[in-house]
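Structure data follow from upload_1.json (JSON, C-alpha atoms (C1' of nucleotides)):
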```json
[["chain", "number", "residue", "atom", "x", "y", "z"],
["A", 1, "MET", "CA", -17.97, -8.18, 4.64],
["A", 2, "LEU", "CA", -21.36, -9.80, 5.01],
["A", 3, "LYS", "CA", -19.91, -12.03, 7.70],
["A", 4, "LEU", "CA", -21.68, -13.66, 10.55],
["A", 5, "THR", "CA", -19.68, -13.34, 13.76],
["A", 6, "ARG", "CA", -17.76, -16.00, 15.64],
["A", 7, "LYS", "CA", -20.18, -15.61, 18.49],
["A", 8, "LEU", "CA", -22.98, -16.84, 16.27],
["A", 9, "GLU", "CA", -20.80, -19.55, 14.84],
["A", 10, "TYR", "CA", -19.89, -20.79, 18.31],
["A", 11, "ALA", "CA", -23.51, -20.67, 19.39],
["A", 12, "LEU", "CA", -24.57, -22.83, 16.47],
["A", 13, "ILE", "CA", -21.77, -25.30, 17.10],
["A", 14, "ALA", "CA", -22.73, -25.52, 20.77],
["A", 15, "LEU", "CA", -26.43, -25.98, 20.05],
["A", 16, "THR", "CA", -25.61, -28.68, 17.53],
["A", 17, "HIS", "CA", -23.36, -30.39, 20.04],
["A", 18, "ILE", "CA", -25.94, -30.28, 22.82],
["A", 19, "GLN", "CA", -28.64, -31.54, 20.51],
["A", 20, "GLY", "CA", -26.44, -34.50, 19.62],
["A", 21, "GLN", "CA", -26.35, -35.66, 23.25],
["A", 22, "ALA", "CA", -28.94, -37.63, 25.19],
["A", 23, "THR", "CA", -31.91, -35.36, 25.94],
["A", 24, "GLU", "CA", -31.40, -35.28, 29.69],
["A", 25, "LYS", "CA", -27.64, -35.05, 29.66],
["A", 26, "ILE", "CA", -26.17, -31.91, 31.15],
["A", 27, "VAL", "CA", -23.39, -30.65, 28.93],
["A", 28, "SER", "CA", -20.64, -28.48, 30.37],
["A", 29, "THR", "CA", -19.10, -25.50, 28.60],
["A", 30, "LYS", "CA", -15.75, -27.19, 28.99],
["A", 31, "GLU", "CA", -16.86, -30.27, 27.10],
["A", 32, "ILE", "CA", -18.07, -28.21, 24.17],
["A", 33, "ALA", "CA", -15.08, -25.88, 24.18],
["A", 34, "GLU", "CA", -12.58, -28.72, 24.17],
["A", 35, "THR", "CA", -14.37, -30.78, 21.57],
["A", 36, "HIS", "CA", -14.65, -27.90, 19.15],
["A", 37, "ARG", "CA", -11.57, -25.88, 20.13],
["A", 38, "ILE", "CA", -13.50, -22.83, 21.17],
["A", 39, "PRO", "CA", -12.04, -20.39, 23.76],
["A", 40, "LEU", "CA", -13.69, -21.44, 27.01],
["A", 41, "GLN", "CA", -14.43, -18.01, 28.46],
["A", 42, "LEU", "CA", -15.88, -16.74, 25.26],
["A", 43, "LEU", "CA", -18.13, -19.74, 24.84],
["A", 44, "ALA", "CA", -19.18, -19.43, 28.48],
["A", 45, "LYS", "CA", -20.48, -15.93, 27.90],
["A", 46, "ILE", "CA", -22.34, -16.99, 24.80],
["A", 47, "LEU", "CA", -24.07, -19.86, 26.57],
["A", 48, "GLN", "CA", -24.99, -17.56, 29.44],
["A", 49, "GLU", "CA", -26.60, -15.28, 26.93],
["A", 50, "LEU", "CA", -28.56, -18.17, 25.44],
["A", 51, "ALA", "CA", -29.65, -19.26, 28.90],
["A", 52, "LYS", "CA", -30.80, -15.76, 29.71],
["A", 53, "HIS", "CA", -33.04, -15.92, 26.68],
["A", 54, "ASP", "CA", -34.48, -19.33, 27.59],
["A", 55, "ILE", "CA", -32.90, -21.22, 24.77],
["A", 56, "LEU", "CA", -30.77, -23.18, 27.21],
["A", 57, "GLU", "CA", -31.39, -24.16, 30.80],
["A", 58, "ALA", "CA", -28.37, -23.53, 33.04],
["A", 59, "ILE", "CA", -27.58, -25.92, 35.87],
["A", 60, "GLN", "CA", -25.13, -24.36, 38.30],
["A", 61, "GLY", "CA", -22.54, -25.88, 40.58],
["A", 62, "ALA", "CA", -20.35, -28.96, 40.21],
["A", 63, "HIS", "CA", -21.54, -31.27, 37.43],
["A", 64, "GLY", "CA", -23.50, -28.34, 36.15],
["A", 65, "GLY", "CA", -23.85, -27.26, 32.58],
["A", 66, "TYR", "CA", -26.59, -26.71, 30.06],
["A", 67, "ARG", "CA", -29.55, -28.45, 28.53],
["A", 68, "LEU", "CA", -31.80, -27.40, 25.69],
["A", 69, "LYS", "CA", -34.79, -25.57, 27.05],
["A", 70, "LYS", "CA", -36.55, -24.84, 23.80],
["A", 71, "SER", "CA", -37.01, -27.12, 20.85],
["A", 72, "LEU", "CA", -34.74, -25.93, 18.10],
["A", 73, "ASP", "CA", -37.40, -26.22, 15.47],
["A", 74, "GLU", "CA", -39.40, -23.62, 17.32],
["A", 75, "MET", "CA", -36.79, -20.99, 16.73],
["A", 76, "ASN", "CA", -35.41, -19.44, 13.60],
["A", 77, "LEU", "CA", -32.03, -18.02, 12.73],
["A", 78, "THR", "CA", -33.29, -14.45, 12.91],
["A", 79, "ALA", "CA", -34.15, -14.90, 16.58],
["A", 80, "LEU", "CA", -30.72, -16.28, 17.42],
["A", 81, "ILE", "CA", -28.97, -13.49, 15.56],
["A", 82, "LYS", "CA", -31.06, -10.89, 17.35],
["A", 83, "ILE", "CA", -30.10, -12.30, 20.72],
["A", 84, "LEU", "CA", -26.38, -12.39, 20.00],
["A", 85, "GLU", "CA", -25.93, -9.45, 17.67],
["A", 86, "GLY", "CA", -28.95, -7.24, 17.68],
["A", 87, "PRO", "CA", -31.06, -6.35, 14.66],
["A", 88, "ILE", "CA", -29.98, -7.45, 11.21],
["A", 89, "GLY", "CA", -28.98, -4.59, 8.94],
["A", 90, "ILE", "CA", -26.76, -4.91, 5.91],
["A", 91, "MET", "CA", -26.13, -1.18, 6.09],
["A", 92, "ASP", "CA", -26.26, 1.23, 8.99],
["A", 93, "CYS", "CA", -29.36, 2.96, 7.69],
["A", 94, "SER", "CA", -31.18, -0.38, 7.85],
["A", 95, "ILE", "CA", -31.09, -0.08, 11.62],
["A", 96, "ASP", "CA", -30.85, 3.51, 12.75],
["A", 97, "THR", "CA", -31.15, 6.81, 10.96],
["A", 98, "ASN", "CA", -27.89, 8.48, 11.99],
["A", 99, "CYS", "CA", -26.70, 8.90, 8.46],
["A", 100, "VAL", "CA", -25.36, 12.03, 6.77],
["A", 101, "GLN", "CA", -27.09, 10.84, 3.66],
["A", 102, "LEU", "CA", -30.65, 10.49, 4.90],
["A", 103, "ASP", "CA", -32.88, 12.44, 2.50],
["A", 104, "ILE", "CA", -30.20, 12.64, -0.18],
["A", 105, "CYS", "CA", -29.66, 8.89, -0.26],
["A", 106, "ASN", "CA", -30.58, 7.37, -3.58],
["A", 107, "ILE", "CA", -30.29, 3.71, -2.66],
["A", 108, "ARG", "CA", -32.12, 3.51, 0.62],
["A", 109, "LYS", "CA", -35.24, 1.78, -0.63],
["A", 110, "PRO", "CA", -33.56, -0.90, -2.74],
["A", 111, "ILE", "CA", -31.11, -1.65, 0.07],
["A", 112, "SER", "CA", -34.00, -1.99, 2.42],
["A", 113, "ARG", "CA", -35.61, -4.50, 0.08],
["A", 114, "VAL", "CA", -32.45, -6.58, -0.01],
["A", 115, "ASN", "CA", -32.27, -6.43, 3.76],
["A", 116, "ASP", "CA", -35.85, -7.61, 4.07],
["A", 117, "ALA", "CA", -35.20, -10.48, 1.71],
["A", 118, "ILE", "CA", -32.29, -11.70, 3.84],
["A", 119, "ILE", "CA", -34.29, -11.41, 7.03],
["A", 120, "SER", "CA", -37.16, -13.28, 5.45],
["A", 121, "MET", "CA", -34.78, -16.02, 4.40],
["A", 122, "PHE", "CA", -33.44, -16.32, 7.95],
["A", 123, "ASP", "CA", -36.99, -16.22, 9.32],
["A", 124, "ASN", "CA", -37.77, -19.34, 7.37],
["A", 125, "LEU", "CA", -34.71, -21.20, 8.55],
["A", 126, "THR", "CA", -35.21, -23.02, 11.84],
["A", 127, "LEU", "CA", -32.25, -23.76, 14.05],
["A", 128, "SER", "CA", -32.95, -27.47, 13.76],
["A", 129, "GLU", "CA", -32.44, -27.17, 10.03],
["A", 130, "ILE", "CA", -28.95, -25.96, 10.80],
["A", 131, "THR", "CA", -28.11, -28.23, 13.69],
["A", 132, "GLY", "CA", -29.68, -31.24, 12.01],
["A", 133, "ILE", "CA", -33.13, -32.53, 12.82],
["B", 1, "MET", "CA", -22.49, -8.24, 11.67],
["B", 2, "LEU", "CA", -23.74, -9.22, 8.23],
["B", 3, "LYS", "CA", -22.96, -5.75, 7.01],
["B", 4, "LEU", "CA", -22.12, -4.64, 3.54],
["B", 5, "THR", "CA", -19.22, -2.20, 3.52],
["B", 6, "ARG", "CA", -19.26, 1.53, 2.89],
["B", 7, "LYS", "CA", -17.21, 0.92, -0.21],
["B", 8, "LEU", "CA", -20.07, -1.04, -1.69],
["B", 9, "GLU", "CA", -22.59, 1.49, -0.48],
["B", 10, "TYR", "CA", -20.65, 4.33, -2.07],
["B", 11, "ALA", "CA", -20.29, 2.38, -5.29],
["B", 12, "LEU", "CA", -24.04, 1.83, -5.50],
["B", 13, "ILE", "CA", -24.75, 5.47, -4.77],
["B", 14, "ALA", "CA", -22.30, 6.54, -7.45],
["B", 15, "LEU", "CA", -23.67, 4.16, -10.05],
["B", 16, "THR", "CA", -27.16, 5.32, -9.29],
["B", 17, "HIS", "CA", -26.07, 8.92, -9.59],
["B", 18, "ILE", "CA", -24.30, 8.38, -12.91],
["B", 19, "GLN", "CA", -27.23, 6.46, -14.29],
["B", 20, "GLY", "CA", -29.50, 9.37, -13.42],
["B", 21, "GLN", "CA", -27.54, 11.73, -15.69],
["B", 22, "ALA", "CA", -27.73, 12.14, -19.45],
["B", 23, "THR", "CA", -26.13, 9.11, -21.11],
["B", 24, "GLU", "CA", -23.20, 10.97, -22.60],
["B", 25, "LYS", "CA", -22.51, 13.23, -19.66],
["B", 26, "ILE", "CA", -19.16, 12.81, -18.00],
["B", 27, "VAL", "CA", -19.60, 12.86, -14.24],
["B", 28, "SER", "CA", -16.72, 13.85, -11.99],
["B", 29, "THR", "CA", -15.88, 12.21, -8.70],
["B", 30, "LYS", "CA", -16.20, 15.60, -7.08],
["B", 31, "GLU", "CA", -19.78, 16.04, -8.25],
["B", 32, "ILE", "CA", -20.80, 12.70, -6.80],
["B", 33, "ALA", "CA", -18.84, 13.15, -3.58],
["B", 34, "GLU", "CA", -20.34, 16.56, -2.89],
["B", 35, "THR", "CA", -23.87, 15.63, -3.78],
["B", 36, "HIS", "CA", -23.86, 12.60, -1.55],
["B", 37, "ARG", "CA", -21.38, 13.70, 1.10],
["B", 38, "ILE", "CA", -18.90, 10.97, 0.42],
["B", 39, "PRO", "CA", -15.17, 11.44, 1.21],
["B", 40, "LEU", "CA", -13.67, 12.43, -2.12],
["B", 41, "GLN", "CA", -10.49, 10.38, -2.01],
["B", 42, "LEU", "CA", -12.26, 7.28, -0.92],
["B", 43, "LEU", "CA", -14.85, 7.57, -3.64],
["B", 44, "ALA", "CA", -12.09, 8.24, -6.16],
["B", 45, "LYS", "CA", -10.45, 4.94, -5.39],
["B", 46, "ILE", "CA", -13.71, 3.09, -5.64],
["B", 47, "LEU", "CA", -14.51, 4.55, -9.04],
["B", 48, "GLN", "CA", -10.99, 3.73, -10.21],
["B", 49, "GLU", "CA", -11.62, 0.17, -9.19],
["B", 50, "LEU", "CA", -14.89, 0.10, -11.12],
["B", 51, "ALA", "CA", -13.15, 1.57, -14.16],
["B", 52, "LYS", "CA", -10.45, -1.06, -13.96],
["B", 53, "HIS", "CA", -13.15, -3.69, -14.18],
["B", 54, "ASP", "CA", -14.88, -2.05, -17.14],
["B", 55, "ILE", "CA", -17.99, -1.03, -15.31],
["B", 56, "LEU", "CA", -17.13, 2.62, -15.78],
["B", 57, "GLU", "CA", -15.17, 4.36, -18.47],
["B", 58, "ALA", "CA", -12.65, 6.86, -17.09],
["B", 59, "ILE", "CA", -11.98, 10.09, -18.94],
["B", 60, "GLN", "CA", -8.79, 11.69, -17.69],
["B", 61, "GLY", "CA", -7.69, 15.31, -17.52],
["B", 62, "ALA", "CA", -9.61, 18.50, -17.01],
["B", 63, "HIS", "CA", -13.36, 18.06, -17.44],
["B", 64, "GLY", "CA", -12.71, 14.39, -17.03],
["B", 65, "GLY", "CA", -14.75, 11.96, -15.04],
["B", 66, "TYR", "CA", -16.69, 8.78, -15.58],
["B", 67, "ARG", "CA", -19.39, 7.31, -17.76],
["B", 68, "LEU", "CA", -21.15, 3.99, -17.57],
["B", 69, "LYS", "CA", -19.38, 1.48, -19.74],
["B", 70, "LYS", "CA", -21.59, -1.49, -19.10],
["B", 71, "SER", "CA", -25.34, -1.60, -18.91],
["B", 72, "LEU", "CA", -26.29, -2.08, -15.29],
["B", 73, "ASP", "CA", -28.84, -4.74, -16.08],
["B", 74, "GLU", "CA", -26.04, -6.88, -17.43],
["B", 75, "MET", "CA", -24.40, -7.12, -14.07],
["B", 76, "ASN", "CA", -25.55, -8.55, -10.78],
["B", 77, "LEU", "CA", -24.79, -7.63, -7.20],
["B", 78, "THR", "CA", -22.52, -10.64, -6.72],
["B", 79, "ALA", "CA", -20.20, -9.34, -9.42],
["B", 80, "LEU", "CA", -19.97, -5.90, -7.86],
["B", 81, "ILE", "CA", -19.29, -7.34, -4.43],
["B", 82, "LYS", "CA", -16.58, -9.58, -5.80],
["B", 83, "ILE", "CA", -14.83, -6.61, -7.39],
["B", 84, "LEU", "CA", -14.90, -4.48, -4.28],
["B", 85, "GLU", "CA", -14.67, -7.05, -1.50],
["B", 86, "GLY", "CA", -13.69, -10.40, -2.86],
["B", 87, "PRO", "CA", -15.67, -13.61, -2.50],
["B", 88, "ILE", "CA", -18.82, -13.68, -0.41],
["B", 89, "GLY", "CA", -18.56, -15.82, 2.69],
["B", 90, "ILE", "CA", -20.72, -15.49, 5.76],
["B", 91, "MET", "CA", -18.08, -17.37, 7.73],
["B", 92, "ASP", "CA", -14.36, -17.75, 7.16],
["B", 93, "CYS", "CA", -14.66, -21.41, 6.24],
["B", 94, "SER", "CA", -16.97, -20.40, 3.40],
["B", 95, "ILE", "CA", -13.94, -18.95, 1.67],
["B", 96, "ASP", "CA", -10.76, -20.64, 2.78],
["B", 97, "THR", "CA", -10.04, -23.67, 4.89],
["B", 98, "ASN", "CA", -7.70, -22.23, 7.49],
["B", 99, "CYS", "CA", -9.90, -23.19, 10.37],
["B", 100, "VAL", "CA", -8.93, -25.02, 13.55],
["B", 101, "GLN", "CA", -12.30, -26.68, 13.37],
["B", 102, "LEU", "CA", -12.14, -28.24, 9.89],
["B", 103, "ASP", "CA", -12.99, -31.94, 10.29],
["B", 104, "ILE", "CA", -14.50, -31.44, 13.75],
["B", 105, "CYS", "CA", -16.89, -28.76, 12.61],
["B", 106, "ASN", "CA", -20.50, -29.77, 12.95],
["B", 107, "ILE", "CA", -22.11, -26.87, 11.13],
["B", 108, "ARG", "CA", -20.04, -26.53, 8.01],
["B", 109, "LYS", "CA", -22.55, -27.97, 5.56],
["B", 110, "PRO", "CA", -25.61, -26.07, 6.74],
["B", 111, "ILE", "CA", -23.62, -22.83, 6.84],
["B", 112, "SER", "CA", -22.48, -23.49, 3.34],
["B", 113, "ARG", "CA", -26.10, -23.92, 2.24],
["B", 114, "VAL", "CA", -27.04, -20.59, 3.78],
["B", 115, "ASN", "CA", -24.08, -18.98, 2.08],
["B", 116, "ASP", "CA", -25.12, -20.41, -1.27],
["B", 117, "ALA", "CA", -28.65, -19.15, -0.81],
["B", 118, "ILE", "CA", -27.42, -15.60, -0.22],
["B", 119, "ILE", "CA", -25.12, -15.72, -3.21],
["B", 120, "SER", "CA", -27.92, -17.05, -5.36],
["B", 121, "MET", "CA", -30.14, -14.23, -4.20],
["B", 122, "PHE", "CA", -27.48, -11.66, -5.13],
["B", 123, "ASP", "CA", -26.89, -13.42, -8.44],
["B", 124, "ASN", "CA", -30.48, -12.76, -9.34],
["B", 125, "LEU", "CA", -30.36, -9.13, -8.43],
["B", 126, "THR", "CA", -29.14, -6.88, -11.23],
["B", 127, "LEU", "CA", -27.56, -3.57, -10.45],
["B", 128, "SER", "CA", -30.27, -1.79, -12.39],
["B", 129, "GLU", "CA", -32.81, -3.25, -9.99],
["B", 130, "ILE", "CA", -30.94, -1.42, -7.23],
["B", 131, "THR", "CA", -30.12, 1.79, -9.04],
["B", 132, "GLY", "CA", -33.56, 1.99, -10.62],
["B", 133, "ILE", "CA", -34.30, 0.87, -14.16],
["C", 1, "DA", "C1'", -16.60, -27.55, 56.66],
["C", 2, "DT", "C1'", -13.68, -27.84, 52.79],
["C", 3, "DT", "C1'", -12.65, -28.41, 48.27],
["C", 4, "DA", "C1'", -13.36, -28.84, 43.42],
["C", 5, "DA", "C1'", -15.98, -27.88, 39.47],
["C", 6, "DA", "C1'", -19.18, -25.40, 37.47],
["C", 7, "DT", "C1'", -22.02, -21.02, 36.00],
["C", 8, "DA", "C1'", -22.42, -15.63, 36.21],
["C", 9, "DC", "C1'", -20.75, -11.29, 34.90],
["C", 10, "DG", "C1'", -18.44, -6.82, 34.45],
["C", 11, "DA", "C1'", -14.21, -4.75, 32.91],
["C", 12, "DC", "C1'", -10.49, -4.90, 30.17],
["C", 13, "DT", "C1'", -7.12, -5.85, 26.23],
["C", 14, "DA", "C1'", -5.86, -7.56, 21.67],
["C", 15, "DA", "C1'", -6.52, -8.23, 17.00],
["C", 16, "DA", "C1'", -8.60, -7.61, 12.74],
["C", 17, "DA", "C1'", -11.31, -5.30, 9.44],
["C", 18, "DT", "C1'", -12.90, -1.11, 7.64],
["C", 19, "DA", "C1'", -12.77, 3.77, 6.62],
["C", 20, "DA", "C1'", -10.36, 7.64, 5.61],
["C", 21, "DT", "C1'", -6.29, 10.47, 4.51],
["C", 22, "DC", "C1'", -1.83, 11.81, 2.47],
["C", 23, "DG", "C1'", 1.48, 12.64, -1.06],
["C", 24, "DG", "C1'", 2.76, 12.55, -5.32],
["C", 25, "DA", "C1'", 2.30, 11.07, -10.37],
["C", 26, "DT", "C1'", 0.07, 11.51, -14.83],
["C", 27, "DA", "C1'", -3.21, 13.28, -18.27],
["C", 28, "DT", "C1'", -5.75, 16.99, -20.68],
["C", 29, "DG", "C1'", -8.58, 21.14, -21.85],
["C", 30, "DC", "C1'", -8.13, 25.98, -22.03],
["D", 1, "DG", "C1'", 1.61, 26.81, -18.08],
["D", 2, "DC", "C1'", -2.07, 26.30, -15.09],
["D", 3, "DA", "C1'", -6.22, 24.39, -13.31],
["D", 4, "DT", "C1'", -8.69, 20.30, -12.92],
["D", 5, "DA", "C1'", -9.11, 15.73, -13.39],
["D", 6, "DT", "C1'", -7.88, 10.62, -12.85],
["D", 7, "DC", "C1'", -4.44, 7.27, -10.88],
["D", 8, "DC", "C1'", -2.29, 4.76, -7.16],
["D", 9, "DG", "C1'", 0.65, 3.19, -3.34],
["D", 10, "DA", "C1'", 1.37, 3.96, 1.53],
["D", 11, "DT", "C1'", -0.14, 5.26, 5.76],
["D", 12, "DT", "C1'", -3.16, 6.36, 9.67],
["D", 13, "DA", "C1'", -7.44, 6.37, 12.26],
["D", 14, "DT", "C1'", -11.55, 4.32, 13.68],
["D", 15, "DT", "C1'", -14.64, 0.78, 14.64],
["D", 16, "DT", "C1'", -15.90, -3.78, 15.35],
["D", 17, "DT", "C1'", -14.98, -8.23, 16.79],
["D", 18, "DA", "C1'", -12.53, -11.61, 19.52],
["D", 19, "DG", "C1'", -10.61, -13.01, 23.47],
["D", 20, "DT", "C1'", -8.91, -12.60, 28.43],
["D", 21, "DC", "C1'", -8.97, -11.57, 33.41],
["D", 22, "DG", "C1'", -10.62, -11.41, 37.93],
["D", 23, "DT", "C1'", -13.95, -12.34, 41.04],
["D", 24, "DA", "C1'", -18.34, -13.90, 42.88],
["D", 25, "DT", "C1'", -21.66, -17.51, 43.42],
["D", 26, "DT", "C1'", -23.63, -22.14, 43.29],
["D", 27, "DT", "C1'", -23.56, -27.02, 44.29],
["D", 28, "DA", "C1'", -21.89, -32.01, 44.55],
["D", 29, "DA", "C1'", -18.78, -34.91, 46.79],
["D", 30, "DT", "C1'", -15.81, -36.01, 50.50]]
```
Would you encode the structure as structure tokens?
Amino acid sequence: MLKLTRKLEYALIALTHIQGQATEKIVSTKEIAETHRIPLQLLAKILQELAKHDILEAIQGAHGGYRLKKSLDEMNLTALIKILEGPIGIMDCSIDTNCVQLDICNIRKPISRVNDAIISMFDNLTLSEITGI
Amino acid sequence: MLKLTRKLEYALIALTHIQGQATEKIVSTKEIAETHRIPLQLLAKILQELAKHDILEAIQGAHGGYRLKKSLDEMNLTALIKILEGPIGIMDCSIDTNCVQLDICNIRKPISRVNDAIISMFDNLTLSEITGI
DNA sequence: ATTAAATACGACTAAAATAATCGGATATGC
DNA sequence: GCATATCCGATTATTTTAGTCGTATTTAAT
């Protein structure tokens, strides 16, 4: 209930880890997974996703790995969540409209306000504020 | 991901519905369930839970039902969530400490700050602001 | 060239959380 | 006494999330 997913958690841990290394160092998935006890395959897929969205640069082959591609203070938490999880919606009707309630619903507007407030909060939170400047 | 549960949604709908009736009117679970297309049994259990925590007053027997027991502007969203779902934690480590990460974790503090910010936001949101004054 | 170490990626399975149902008990107005 | 409610534990179904598997591809080092 109101939980962020492990995927997001692992992504934040990985970004923090990479940011803690020398700028040019290429960090392998294995290094991160072992340091932080994250399932390797799962982390691999997450990092691939981040690379696909130009947050990380992937270097293939032996001695390959990842480097930061984007400065973390240029991106907010909302953006990261959208990449890994899709749109933020505290209730289903915040995202789509497939709801038996629909017109009957008496809490749609207030819920939508709460949702907006959370998104706005995440909008104003850069990743570097989470990973450490 | 970051979703409130149906239980909470149904509770808010029900409270809104009850608040919309004449103060002394006793509202049955059936009336609410049918109006808002909520599974009867499920709603019943939720209202029982609210009655147990003195948010609603339960009137048993034929023509029974529920009335508001507490003014909705005396209670905030955090309280309602705690009753129906337990403590708010956007990640597991926000609640308990059974985490393989623990000392290794590099994002615990910032996550905890985000969690606190959400709780504080919900603390400042009274139920009457959701259900309508 | 071959091998080892790495990313890339789709398909699948497992586990956990949530949603809903069932069956019976108790209370009460008519 | 019957119809209509709340009450409540146990169970099942559904959905979401987490994790695994298998295989292909890329590249450095030997």
Within 10 Å of chain C, which residues belong to chain B? Use all atoms listed in the file and report them as a list in words.
Thr5, Arg6, Lys7, Pro39, Leu40, Gln41, Leu42, Ile59, Gln60, Gly61, Ala62, His63 and Gly64 of chain B
Each chain A residue no farther than 10 Å from chain B, nearest pair in Å, only C-alpha atoms, as a tab-separated table:
```
residue	atom	partner	partner_atom	distance
A:Met1	CA	B:Leu4	CA	5.6
A:Leu2	CA	B:Leu2	CA	4.0
A:Lys3	CA	B:Ile90	CA	4.0
A:Leu4	CA	B:Ile90	CA	5.2
A:Thr5	CA	B:Met1	CA	6.2
A:Arg6	CA	B:Met91	CA	8.0
A:Leu8	CA	B:Met1	CA	9.8
A:Glu9	CA	B:Met91	CA	7.9
A:Tyr10	CA	B:Ile107	CA	9.7
A:Leu12	CA	B:Ile107	CA	7.1
A:Ile13	CA	B:Ile107	CA	6.2
A:Ala14	CA	B:Asn106	CA	9.2
A:Leu15	CA	B:Ile107	CA	10.0
A:Thr16	CA	B:Asn106	CA	6.9
A:His17	CA	B:Asn106	CA	7.7
A:Thr35	CA	B:Ile104	CA	7.8
A:His36	CA	B:Gln101	CA	6.4
A:Arg37	CA	B:Gln101	CA	6.8
A:Ile38	CA	B:Gln101	CA	8.8
A:Ile81	CA	B:Met1	CA	9.2
A:Glu85	CA	B:Met1	CA	7.0
A:Gly86	CA	B:Met1	CA	8.9
A:Pro87	CA	B:Met1	CA	9.3
A:Ile88	CA	B:Leu2	CA	7.1
A:Gly89	CA	B:Lys3	CA	6.4
A:Ile90	CA	B:Lys3	CA	4.0
A:Met91	CA	B:Lys3	CA	5.6
A:Asp92	CA	B:Lys3	CA	8.0
A:Ser94	CA	B:Lys3	CA	9.9
A:Val100	CA	B:Arg37	CA	7.1
A:Gln101	CA	B:His36	CA	6.4
A:Leu102	CA	B:His36	CA	9.6
A:Asp103	CA	B:His36	CA	9.9
A:Ile104	CA	B:His36	CA	6.5
A:Cys105	CA	B:His36	CA	7.0
A:Asn106	CA	B:Ile13	CA	6.2
A:Ile107	CA	B:Ile13	CA	6.2
A:Arg108	CA	B:Ile13	CA	9.3
A:Lys109	CA	B:Ile130	CA	8.5
A:Pro110	CA	B:Ile130	CA	5.2
A:Ile111	CA	B:Ile130	CA	7.3
A:Arg113	CA	B:Ile130	CA	9.2
A:Val114	CA	B:Phe122	CA	8.8
A:Asn115	CA	B:Lys3	CA	9.9
A:Ala117	CA	B:Met121	CA	8.6
A:Ile118	CA	B:Ile118	CA	7.4
A:Met121	CA	B:Ala117	CA	8.6
A:Phe122	CA	B:Val114	CA	8.8
A:Leu125	CA	B:Val114	CA	9.1
A:Glu129	CA	B:Pro110	CA	7.7
A:Ile130	CA	B:Pro110	CA	5.3
A:Thr131	CA	B:Ile107	CA	6.7
A:Gly132	CA	B:Pro110	CA	8.4
```
Counting all atoms listed in the file, which residues of chain D come no farther than 12 Å from chain B, as JSON, numbers by chain?
{"D": [2, 3, 4, 5, 6, 7, 8, 9, 16, 17]}
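Straight-line separation from CA of Asp73 in chain A to CA of Ile95 in chain B: 28.2 Å.
In this structure, CA of Thr78 in chain A sits 27.6 Å away from CA of Glu34 in chain A.
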Distance CA of Leu43 in chain A-CA of Ile18 in chain A, one decimal place?
13.3 Å
Axis-aligned box for range 21-32 of chain A, 4 Å per side, centre and edges in Å as JSON:
```
{"center_x": -23.8, "center_y": -31.6, "center_z": 27.2, "size_x": 24.2, "size_y": 20.1, "size_z": 15.9}
```
Nearest to Val27 in chain B among B:Leu68, B:Ile119, B:Met75, B:Leu127, with distances taken over only C-alpha atoms: which residue is it?
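Smallest separation from Val27 in chain B among the options: B:Leu68.
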